[in-house]
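Taking it in order: structure first as structure tokens, then the write-up.
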Amino acid sequence: MEHCGIRAAAGEQQQQPQQQQPRRFTITDLKHQAAEYYRSNEVPQRLEEVLNAMFYQRPEDFYGHLANYFSELSKPPVITKLAGKKVLDGIGRPTLEVEVSCRVRNCVKRICSSMISSHAEILENASPEAIDADEREREESIKIAIEWINESLNEMFGGLQPTDQNKADELLGEYFTKKAEADEERREAEKEKEKENQEAEASAAALAPPGRKKPNKPGKKVSVMEKPIPPAEPAEPVVMGSMAIGCTSLAFAKTAATLRDMPLYLHIALLKYDQESPKELALPLPMATVLSCGKSSPGKLNLLKEVMVIPPHWLPVKQPSSMGEGKKTARDAAKKAPSPVLKKMSHLGCLVTGFESLEQPLALIQSACTHLSLELGIDVYLGINCAAHELIDCSKGKYEVILGTLKSPDEMVDVYVDLIRKFPAIMTLIDPLRKEDRQQWITLRNTLGSKCYIFAEELCKSVSKLMENHDIPKCSGLVLKYTNEAKISDLCKITRHLDGRKRISILGSPDGETSDDSLVDLAVGLRTKFIKLGGLSRGERVAKYNRLLAIEEELGKNGRLGEREDHEFVDYTEEEEEEEEEELESTDITARTEHSAT
């Protein structure tokens with residue numbers, strides 16, 4: 001070995017240009033240098049250890065054994081390059097991809113890539129102008145995100161170990177904060193300029209000669225809102241390019257899992273539970289969308305944006321073929337079930353159907369279950385994404401549940417109570433009200449919380465700000481979506497927070513879905529109770545159902561597939577009484593402590 005080092009050193013010496021006249025080393029000098037070099041890297045010691053062990057082990061693959069031994073002594077992989085690219089999502093719209101390359105055992109390799117949705121929601125029935133503006137904003141946001149990744153983030157993360165997720169997310173958070181502050185300053189400057197223009201226009205109008213006012217016609221009724229409702233809270237502005245943060249954070253998590261030779265869901269579980277490997281992992285219950293009867297549907301019904309079917313907690317994802325001997329096939333049921341008015345397939349991967357009342361789509365599913373010899377409420381449950389915020393008419397202070405039928409927030413509570421009474425198999429209501437109708441959320445939760453889950457989704461667009469926002473509607477849990485500046489550490493924190501408060505977390509698939517199936521691994525690793533993936537149609541959504549099947553099979557083979565917990569609905573009136581008692585008790589303790597200190 002020393003002779004090899006000497007020959008290499010001598011060769012380098014011969015290649016030096018003659019004009020530099022380098023110092024000439026004797027053979028003895030080179031021997032000493034080579035010996036010191038190998039000794040400083042503990043080569044003789046390591047060779048002696050492995051050769052002694054191999055003599056007794058007699059491995060079949062001699063050099064393979066050596067390669068494995070020395071690979072464990074190599075330096076940890078570090079990031080060498082981040083590459084941002086524009087790709088297409090499941091419906092052909094542009095979105096973002098991040099590729100990560102690392103130096104692994106002295107070789108630079110492309111490890112993996114991740115994709116993230118550019119938008120959480122897709123505009124439906126919008127004007128051409130609004131759609132064009134949305135497309136321009138999408139293109140600009142992706143362009144800025146690619147610039148962030150290929151320039152600033154690429155330089156920032158060069159040489160960092162991708163396995164240090166917390167450090168990476170901390171740096172991403174600091175970077176985004178600076179960008180968000182700059183974006184806020186830009187917005188404020190634009191508002192100030194707009195305000196000056198409005199004042200100038202108002203001054204010009206004041207100088208103009210007054211026009212004659214048209215008198216009100218006698219007998220003309222002025223529309224008056226029956227009861228004022230809380231105004232819609234301003235939408236949280238999305239920082240252009242913010243998807244670079246979420247996509248990069250996910251790419252680091254996937255890279256770390258690949259380098260550690262473990263599935264992503266297990267890596268996420270280790271991150272959430274501080275590196276404690278869980279003995280078992282239970283799969284989230286899939287919420288599969290079968291019908292869409294929302295505002296964009298052809299019928300009069302607006303309220304049911306998504307009607308979902310949910311399996312019972314004891315049923316595996318891969319439903320056994322023997323789930324009931326003698327049960328009829330779906331084809332037989334389809335022949336006998338009444339046909340709804342079918343118009344198109346939704347981007348959510350389900351049928352868009354036209355109905356005239358709330359009961360019709362639910363009765364259709366009930367009829368199909370009957371023909372399949374499945375009992376609704378035992379063999380299968382229902383979930384409804386109401387998306388009520390899309391139906392509010394602020395000028396009238398009411399929700400347009402059915403075309404021409406308006407309901408006040410208080411009346412909406414009665415609508416849901418009546419619906420659950422007629423269809424007790426409904427397990428979940430998502431976004432039954434706007435987030436601004438806080439009192440009605442409390443009423444609905446106290447009335448129906450012991451019969452079904454009530455979830456909020458619309459207010460969860462920004463996962464990174466959920467921990468800061470303590471003004472969350474009273475509900476059973478939240479539907480989280482991984483978009484924009486959300487980071488893996490944010491998901492770990494918010495799900496731990498919800499677990500601690502005995503609230504349920506759902507990981508939901510965004511409207512503009514991609515072919516990246518990491519969402520399923522995130523849901524399994526974070527141990528969410530449900531996963532909302534849309535319908536069993538469209539390749540990007542079916543890929544996620546297939547990933548769920550693969551994880552179930554893998555956990556089953558390894559003996560790590562845990563059982564899901566039974567559904568436990570909460571009587572929130574009792575919980576509120578307990579919370580009030582705890583508050584009074586803590587106040588009393590504080591008062592006594594202050595009194596004794598005095």
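In the structure tokens, each chain is lettered A, B, ... as it comes, each chain's residues begin at 1, and ligands are numbered from 1 in order of appearance.
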Residues within 10 Å of Ser101 (chain A), please, as a PyMOL selection string. Count only C-alpha atoms; anything in the same chain fewer than 4 positions from it doesn't count. chain A and resi 77-83+108-113+158+255
Residues from the last selection, all heavy atoms, saved as an mmCIF file, in the first residue's frame:
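What landed in part06.cif:
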data_model
loop_
_atom_site.group_PDB
_atom_site.id
_atom_site.type_symbol
_atom_site.label_atom_id
_atom_site.label_comp_id
_atom_site.auth_asym_id
_atom_site.auth_seq_id
_atom_site.Cartn_x
_atom_site.Cartn_y
_atom_site.Cartn_z
ATOM 1 N N PRO A 77 -23.567 11.911 3.368
ATOM 2 C CA PRO A 77 -23.893 12.614 2.109
ATOM 3 C C PRO A 77 -24.230 14.082 2.367
ATOM 4 O O PRO A 77 -24.820 14.431 3.401
ATOM 5 C CB PRO A 77 -25.121 11.854 1.596
ATOM 6 C CG PRO A 77 -25.067 10.523 2.268
ATOM 7 C CD PRO A 77 -24.466 10.765 3.606
ATOM 8 N N VAL A 78 -23.861 14.931 1.431
ATOM 9 C CA VAL A 78 -24.182 16.358 1.513
ATOM 10 C C VAL A 78 -24.796 16.802 0.191
ATOM 11 O O VAL A 78 -24.566 16.187 -0.860
ATOM 12 C CB VAL A 78 -22.936 17.211 1.828
ATOM 13 C CG1 VAL A 78 -22.408 16.911 3.216
ATOM 14 C CG2 VAL A 78 -21.842 16.990 0.781
ATOM 15 N N ILE A 79 -25.576 17.850 0.260
ATOM 16 C CA ILE A 79 -26.245 18.382 -0.931
ATOM 17 C C ILE A 79 -25.237 19.116 -1.798
ATOM 18 O O ILE A 79 -24.438 19.919 -1.304
ATOM 19 C CB ILE A 79 -27.381 19.336 -0.516
ATOM 20 C CG1 ILE A 79 -28.459 18.568 0.264
ATOM 21 C CG2 ILE A 79 -28.006 20.009 -1.731
ATOM 22 C CD1 ILE A 79 -29.454 19.448 0.960
ATOM 23 N N THR A 80 -25.274 18.822 -3.075
ATOM 24 C CA THR A 80 -24.400 19.522 -4.024
ATOM 25 C C THR A 80 -25.183 20.448 -4.947
ATOM 26 O O THR A 80 -24.651 21.455 -5.404
ATOM 27 C CB THR A 80 -23.614 18.518 -4.890
ATOM 28 O OG1 THR A 80 -24.546 17.656 -5.579
ATOM 29 C CG2 THR A 80 -22.680 17.685 -4.044
ATOM 30 N N LYS A 81 -26.461 20.105 -5.203
ATOM 31 C CA LYS A 81 -27.208 20.933 -6.147
ATOM 32 C C LYS A 81 -28.708 20.769 -5.949
ATOM 33 O O LYS A 81 -29.199 19.666 -5.709
ATOM 34 C CB LYS A 81 -26.841 20.560 -7.588
ATOM 35 C CG LYS A 81 -27.514 21.435 -8.644
ATOM 36 C CD LYS A 81 -27.123 20.988 -10.056
ATOM 37 C CE LYS A 81 -27.830 21.837 -11.108
ATOM 38 N NZ LYS A 81 -27.496 21.400 -12.485
ATOM 39 N N LEU A 82 -29.436 21.881 -6.034
ATOM 40 C CA LEU A 82 -30.898 21.892 -6.114
ATOM 41 C C LEU A 82 -31.283 22.421 -7.492
ATOM 42 O O LEU A 82 -30.703 23.404 -7.956
ATOM 43 C CB LEU A 82 -31.509 22.791 -5.046
ATOM 44 C CG LEU A 82 -31.280 22.426 -3.584
ATOM 45 C CD1 LEU A 82 -31.956 23.450 -2.677
ATOM 46 C CD2 LEU A 82 -31.806 21.046 -3.275
ATOM 47 N N ALA A 83 -32.236 21.785 -8.127
ATOM 48 C CA ALA A 83 -32.679 22.220 -9.452
ATOM 49 C C ALA A 83 -34.196 22.358 -9.460
ATOM 50 O O ALA A 83 -34.906 21.384 -9.207
ATOM 51 C CB ALA A 83 -32.232 21.233 -10.525
ATOM 52 N N VAL A 108 -21.135 12.347 -7.099
ATOM 53 C CA VAL A 108 -22.324 13.191 -7.140
ATOM 54 C C VAL A 108 -23.440 12.433 -7.843
ATOM 55 O O VAL A 108 -23.271 11.958 -8.978
ATOM 56 C CB VAL A 108 -22.033 14.520 -7.865
ATOM 57 C CG1 VAL A 108 -23.312 15.330 -8.013
ATOM 58 C CG2 VAL A 108 -20.982 15.316 -7.105
ATOM 59 N N LYS A 109 -24.587 12.301 -7.162
ATOM 60 C CA LYS A 109 -25.713 11.542 -7.707
ATOM 61 C C LYS A 109 -27.005 12.349 -7.548
ATOM 62 O O LYS A 109 -27.171 13.063 -6.566
ATOM 63 C CB LYS A 109 -25.882 10.211 -6.964
ATOM 64 C CG LYS A 109 -24.684 9.283 -7.027
ATOM 65 C CD LYS A 109 -24.953 8.019 -6.222
ATOM 66 C CE LYS A 109 -23.779 7.062 -6.265
ATOM 67 N NZ LYS A 109 -24.043 5.841 -5.460
ATOM 68 N N ARG A 110 -27.895 12.180 -8.517
ATOM 69 C CA ARG A 110 -29.251 12.712 -8.365
ATOM 70 C C ARG A 110 -30.016 11.727 -7.498
ATOM 71 O O ARG A 110 -30.168 10.560 -7.858
ATOM 72 C CB ARG A 110 -29.940 12.859 -9.724
ATOM 73 C CG ARG A 110 -31.381 13.347 -9.631
ATOM 74 C CD ARG A 110 -32.074 13.205 -10.982
ATOM 75 N NE ARG A 110 -33.474 13.589 -10.918
ATOM 76 C CZ ARG A 110 -34.453 12.785 -10.502
ATOM 77 N NH1 ARG A 110 -34.169 11.551 -10.083
ATOM 78 N NH2 ARG A 110 -35.708 13.189 -10.485
ATOM 79 N N ILE A 111 -30.511 12.187 -6.355
ATOM 80 C CA ILE A 111 -31.141 11.270 -5.400
ATOM 81 C C ILE A 111 -32.636 11.131 -5.664
ATOM 82 O O ILE A 111 -33.157 10.026 -5.815
ATOM 83 C CB ILE A 111 -30.899 11.739 -3.956
ATOM 84 C CG1 ILE A 111 -29.401 11.886 -3.695
ATOM 85 C CG2 ILE A 111 -31.514 10.752 -2.973
ATOM 86 C CD1 ILE A 111 -28.606 10.620 -3.886
ATOM 87 N N CYS A 112 -33.361 12.236 -5.707
ATOM 88 C CA CYS A 112 -34.815 12.149 -5.910
ATOM 89 C C CYS A 112 -35.355 13.524 -6.275
ATOM 90 O O CYS A 112 -34.603 14.510 -6.352
ATOM 91 C CB CYS A 112 -35.515 11.623 -4.654
ATOM 92 S SG CYS A 112 -35.470 12.782 -3.281
ATOM 93 N N SER A 113 -36.649 13.590 -6.493
ATOM 94 C CA SER A 113 -37.318 14.859 -6.779
ATOM 95 C C SER A 113 -38.673 14.870 -6.096
ATOM 96 O O SER A 113 -39.188 13.816 -5.692
ATOM 97 C CB SER A 113 -37.483 15.060 -8.290
ATOM 98 O OG SER A 113 -38.404 14.104 -8.804
ATOM 99 N N GLY A 158 -25.848 24.247 -0.222
ATOM 100 C CA GLY A 158 -24.677 23.522 -0.681
ATOM 101 C C GLY A 158 -23.821 23.056 0.499
ATOM 102 O O GLY A 158 -23.419 23.848 1.336
ATOM 103 N N THR A 255 -35.212 12.789 0.152
ATOM 104 C CA THR A 255 -33.781 12.501 -0.010
ATOM 105 C C THR A 255 -33.238 11.767 1.207
ATOM 106 O O THR A 255 -32.513 10.765 1.083
ATOM 107 C CB THR A 255 -33.005 13.806 -0.234
ATOM 108 O OG1 THR A 255 -33.484 14.457 -1.408
ATOM 109 C CG2 THR A 255 -31.520 13.536 -0.392
#
Identify all residues of region 48-266 of chain A in helix (DSSP H, G or I) (DSSP on the backbone) and supply them as a ChimeraX atom specification. /A:48-57,62-71,128-156,165-207,243-259,264-266
List the spatial neighbours of Ser346 (chain A) as an mmCIF file with N, CA and C atoms, in the first residue's frame - criterion: any atom at most 9 Å away, only C-alpha atoms, same-chain residues fewer than 5 positions off excluded.
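Written out: out_4.cif:
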data_model
loop_
_atom_site.group_PDB
_atom_site.id
_atom_site.type_symbol
_atom_site.label_atom_id
_atom_site.label_comp_id
_atom_site.auth_asym_id
_atom_site.auth_seq_id
_atom_site.Cartn_x
_atom_site.Cartn_y
_atom_site.Cartn_z
ATOM 1 N N LEU A 291 -69.354 11.494 -5.845
ATOM 2 C CA LEU A 291 -70.234 12.429 -6.549
ATOM 3 C C LEU A 291 -69.858 13.866 -6.205
ATOM 4 N N SER A 292 -70.062 14.753 -7.169
ATOM 5 C CA SER A 292 -69.904 16.181 -6.923
ATOM 6 C C SER A 292 -71.178 16.891 -7.341
ATOM 7 N N LEU A 351 -67.723 11.885 -10.549
ATOM 8 C CA LEU A 351 -68.783 12.317 -11.460
ATOM 9 C C LEU A 351 -69.408 13.617 -10.972
ATOM 10 N N VAL A 352 -69.615 14.546 -11.894
ATOM 11 C CA VAL A 352 -70.369 15.762 -11.596
ATOM 12 C C VAL A 352 -71.817 15.487 -11.976
ATOM 13 N N GLY A 535 -61.579 11.237 -5.999
ATOM 14 C CA GLY A 535 -62.213 10.037 -6.548
ATOM 15 C C GLY A 535 -61.224 9.034 -7.100
#
Write out as an MDAnalysis selection string all residues of region 64-128 of chain A that DSSP puts in strand (DSSP E) for this structure's backbone. chainID A and resid 78:88 94:104 107:116
6 Å contact set for region 519-531 of chain A, only C-alpha atoms, chain neighbours under 6 positions out, as a ChimeraX atom specification: /A:264-266,268-269,283-286,505-508
One decimal place gives the CA of Ser74 (chain A)-CA of Arg105 (chain A) separation as 6.1 Å
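Here the question is which of A:Ser117, A:Ser71, A:Thr428, A:Ser395 gets nearest to Ser509 (chain A) using only C-alpha atoms, and that residue is A:Ser117.
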Excluding same-chain residues fewer than 5 positions from region 294-309 of chain A, what lies within 9 Å of it counting only C-alpha atoms, as a ChimeraX atom specification? /A:124-125,286-289,341-343,348,350,352-358,361-362,365,380-388,390-391,399-404,432,534-535
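Between CA of Met243 (chain A) and CA of Glu485 (chain A) lies a distance of 5.5 Å.
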Using only C-alpha atoms, determine which residues lie at most 10 Å from Lys461 (chain A), disregarding the query and same-chain residues fewer than 5 positions distant; provide the list as an mmCIF file with N, CA and C atoms, in the first residue's frame.
data_model
loop_
_atom_site.group_PDB
_atom_site.id
_atom_site.type_symbol
_atom_site.label_atom_id
_atom_site.label_comp_id
_atom_site.auth_asym_id
_atom_site.auth_seq_id
_atom_site.Cartn_x
_atom_site.Cartn_y
_atom_site.Cartn_z
ATOM 1 N N HIS A 119 -51.551 25.450 -6.590
ATOM 2 C CA HIS A 119 -52.739 26.064 -5.998
ATOM 3 C C HIS A 119 -53.486 25.036 -5.155
ATOM 4 N N ALA A 120 -54.096 25.509 -4.063
ATOM 5 C CA ALA A 120 -54.917 24.629 -3.238
ATOM 6 C C ALA A 120 -56.307 24.469 -3.840
ATOM 7 N N GLU A 121 -56.785 25.492 -4.561
ATOM 8 C CA GLU A 121 -58.122 25.446 -5.142
ATOM 9 C C GLU A 121 -58.066 25.818 -6.613
ATOM 10 N N ALA A 235 -58.704 37.505 2.534
ATOM 11 C CA ALA A 235 -57.921 36.302 2.236
ATOM 12 C C ALA A 235 -56.441 36.551 2.523
ATOM 13 N N GLU A 236 -55.806 35.549 3.091
ATOM 14 C CA GLU A 236 -54.375 35.654 3.381
ATOM 15 C C GLU A 236 -53.611 35.675 2.066
ATOM 16 N N VAL A 238 -50.999 35.124 -0.786
ATOM 17 C CA VAL A 238 -49.990 34.096 -1.038
ATOM 18 C C VAL A 238 -48.752 34.774 -1.615
ATOM 19 N N LEU A 466 -51.058 28.139 10.970
ATOM 20 C CA LEU A 466 -52.086 27.559 11.834
ATOM 21 C C LEU A 466 -51.684 27.607 13.303
ATOM 22 N N VAL A 479 -58.655 19.712 8.183
ATOM 23 C CA VAL A 479 -58.187 19.096 6.941
ATOM 24 C C VAL A 479 -56.981 19.898 6.469
ATOM 25 N N LEU A 480 -55.794 19.283 6.503
ATOM 26 C CA LEU A 480 -54.549 19.966 6.165
ATOM 27 C C LEU A 480 -54.163 19.663 4.721
ATOM 28 N N LYS A 481 -53.653 20.692 4.038
ATOM 29 C CA LYS A 481 -53.168 20.507 2.668
ATOM 30 C C LYS A 481 -51.740 21.012 2.570
ATOM 31 N N TYR A 482 -50.899 20.211 1.906
ATOM 32 C CA TYR A 482 -49.483 20.548 1.822
ATOM 33 C C TYR A 482 -49.241 21.382 0.567
ATOM 34 N N THR A 483 -49.261 22.712 0.734
ATOM 35 C CA THR A 483 -49.045 23.612 -0.397
ATOM 36 C C THR A 483 -48.211 24.807 0.057
ATOM 37 N N ASN A 484 -47.773 25.598 -0.926
ATOM 38 C CA ASN A 484 -47.081 26.865 -0.699
ATOM 39 C C ASN A 484 -45.901 26.726 0.258
ATOM 40 N N ALA A 486 -45.673 25.648 3.320
ATOM 41 C CA ALA A 486 -45.732 24.612 4.366
ATOM 42 C C ALA A 486 -44.441 23.792 4.346
ATOM 43 N N PRO A 510 -54.815 18.437 -2.606
ATOM 44 C CA PRO A 510 -55.242 19.706 -3.193
ATOM 45 C C PRO A 510 -55.911 19.518 -4.546
#
So which residues touch Asp410 (chain A) within 12 Å, counting only C-alpha atoms, skipping near sequence neighbours fewer than 6 positions away, as a count of residues only? 17
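Proximity of A:Val317, A:Ile426, A:Ile310, A:Pro278 to Gly559 (chain A), computed with only C-alpha atoms, is greatest for A:Pro278.
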